[in-house]
file structure_11.txt (compact mmCIF, C-alpha atoms)
# COMPACT_ATOMS: atom_id res chain seq x y z
CA MET A 1 13.98 8.24 11.53
CA ARG A 2 12.91 5.32 9.36
CA LEU A 3 9.37 6.68 9.26
CA TYR A 4 10.58 10.07 8.02
CA ILE A 5 12.61 8.49 5.22
CA THR A 6 9.63 6.35 4.20
CA VAL A 7 7.25 9.33 4.15
CA ILE A 8 9.71 11.47 2.18
CA LEU A 9 10.29 8.68 -0.33
CA PHE A 10 6.54 8.16 -0.70
CA LEU A 11 5.94 11.87 -1.27
CA ILE A 12 8.69 12.01 -3.90
CA LEU A 13 7.20 9.03 -5.75
CA LEU A 14 3.73 10.53 -5.49
CA ALA A 15 4.98 13.84 -6.91
CA ILE A 16 6.61 12.01 -9.83
CA ALA A 17 3.35 10.17 -10.50
CA PHE A 18 1.37 13.42 -10.49
CA VAL A 19 3.86 15.18 -12.78
CA PHE A 20 3.71 12.25 -15.20
CA GLY A 21 -0.07 12.28 -15.12
CA SER A 22 -0.40 16.02 -15.56
CA GLN A 23 1.77 15.97 -18.69
CA ASN A 24 -0.63 13.59 -20.43
CA ASP A 25 -3.99 15.04 -21.41
CA GLN A 26 -5.17 11.86 -23.08
CA VAL A 27 -8.36 10.13 -22.02
CA LEU A 28 -8.31 6.45 -21.07
CA THR A 29 -11.24 4.10 -21.33
CA LEU A 30 -11.25 1.64 -18.44
CA ASN A 31 -13.37 -1.46 -18.91
CA TYR A 32 -14.07 -3.48 -15.81
CA LEU A 33 -16.53 -6.25 -15.10
CA ILE A 34 -19.62 -4.20 -14.43
CA ALA A 35 -19.10 -0.88 -16.18
CA LYS A 36 -16.90 1.24 -18.40
CA THR A 37 -15.51 4.68 -17.61
CA ASN A 38 -13.41 7.40 -19.21
CA LEU A 39 -10.64 8.93 -17.11
CA SER A 40 -7.79 11.26 -17.86
CA VAL A 41 -4.30 9.86 -17.49
CA ALA A 42 -3.72 12.08 -14.44
CA ALA A 43 -6.79 10.69 -12.69
CA ALA A 44 -5.85 7.10 -13.58
CA VAL A 45 -2.29 7.53 -12.29
CA SER A 46 -3.58 9.08 -9.07
CA LEU A 47 -6.16 6.35 -8.61
CA PHE A 48 -3.79 3.45 -9.19
CA THR A 49 -1.01 5.02 -7.11
CA SER A 50 -3.43 5.45 -4.21
CA ILE A 51 -4.76 1.90 -4.56
CA GLY A 52 -1.21 0.54 -4.62
CA PHE A 53 -0.28 2.51 -1.50
CA VAL A 54 -3.35 1.33 0.40
CA LEU A 55 -2.81 -2.30 -0.60
CA GLY A 56 0.85 -2.12 0.40
CA LEU A 57 -0.05 -0.57 3.73
CA LEU A 58 -2.70 -3.22 4.42
CA PHE A 59 -0.27 -6.01 3.52
CA ALA A 60 2.41 -4.55 5.82
CA LEU A 61 -0.05 -4.21 8.70
CA PHE A 62 -1.31 -7.76 8.15
CA TRP A 63 2.27 -9.07 8.12
CA LYS A 64 3.06 -7.20 11.35
CA LEU A 65 -0.12 -8.54 12.97
CA LEU A 66 0.84 -12.11 12.04
CA GLY A 67 4.27 -11.56 13.55
CA MET A 68 2.73 -10.28 16.78
CA ILE A 69 0.38 -13.28 16.97
CA LYS A 70 3.23 -15.73 16.38
CA SER A 71 5.44 -14.09 19.00
CA SER A 72 2.61 -14.10 21.57
CA LYS A 73 1.96 -17.81 20.89
CA ASN A 74 5.67 -18.57 21.26
CA ASN A 75 5.74 -16.67 24.56
CA GLN A 76 2.71 -18.62 25.79
CA LEU A 77 4.31 -21.93 24.85
CA ASN A 78 7.56 -21.00 26.58
CA THR A 79 5.79 -20.03 29.80
CA GLU A 80 3.72 -23.24 29.76
CA LYS A 81 6.85 -25.38 29.32
CA LYS A 82 8.56 -23.69 32.29
CA SER A 83 5.57 -24.27 34.59
call {"tool": "encode", "arguments": {"input": "structure_11.txt", "output": "structure tokens"}}
result
Amino acid sequence: MRLYITVILFLILLAIAFVFGSQNDQVLTLNYLIAKTNLSVAAAVSLFTSIGFVLGLLFALFWKLLGMIKSSKNNQLNTEKKS
């Protein structure tokens, strides 16, 4: 159930981002270290929303992995103490 709520919330936020981006026809100039590019606002909003989602997902997976490693180490220590 929690997964469904998360997916629905994500889709709603993504739809809001796309509506916001589609209402703006302006062109942005993005300067980064190596190059410079021109993007529409819709493309920039889509790009940065996707990057934010991927980074958040990677952080959550990393956090869960650390929790699993800690719990397995704690279980190992507990079994060694009992022996």
call {"tool": "atom_distance", "arguments": {"input": "structure_11.txt", "atom1": "CA of Gly67 in chain A", "atom2": "CA of Phe53 in chain A"}}
result
21.1 Å
call {"tool": "closest_residue", "arguments": {"input": "structure_11.txt", "among": "A:Met68, A:Val19, A:Met1, A:Leu9", "to": "Ser46 in chain A", "atoms": "all atoms listed in the file"}}
result
A:Val19
call {"tool": "atom_distance", "arguments": {"input": "structure_11.txt", "atom1": "CA of Leu47 in chain A", "atom2": "CA of Ile5 in chain A"}}
result
23.4 Å
call {"tool": "atom_distance", "arguments": {"input": "structure_11.txt", "atom1": "CA of Trp63 in chain A", "atom2": "CA of Ile12 in chain A"}}
result
25.1 Å
call {"tool": "closest_residue", "arguments": {"input": "structure_11.txt", "among": "A:Phe59, A:Lys64, A:Ala42, A:Asn74", "to": "Asn24 in chain A", "atoms": "all atoms listed in the file"}}
result
A:Ala42
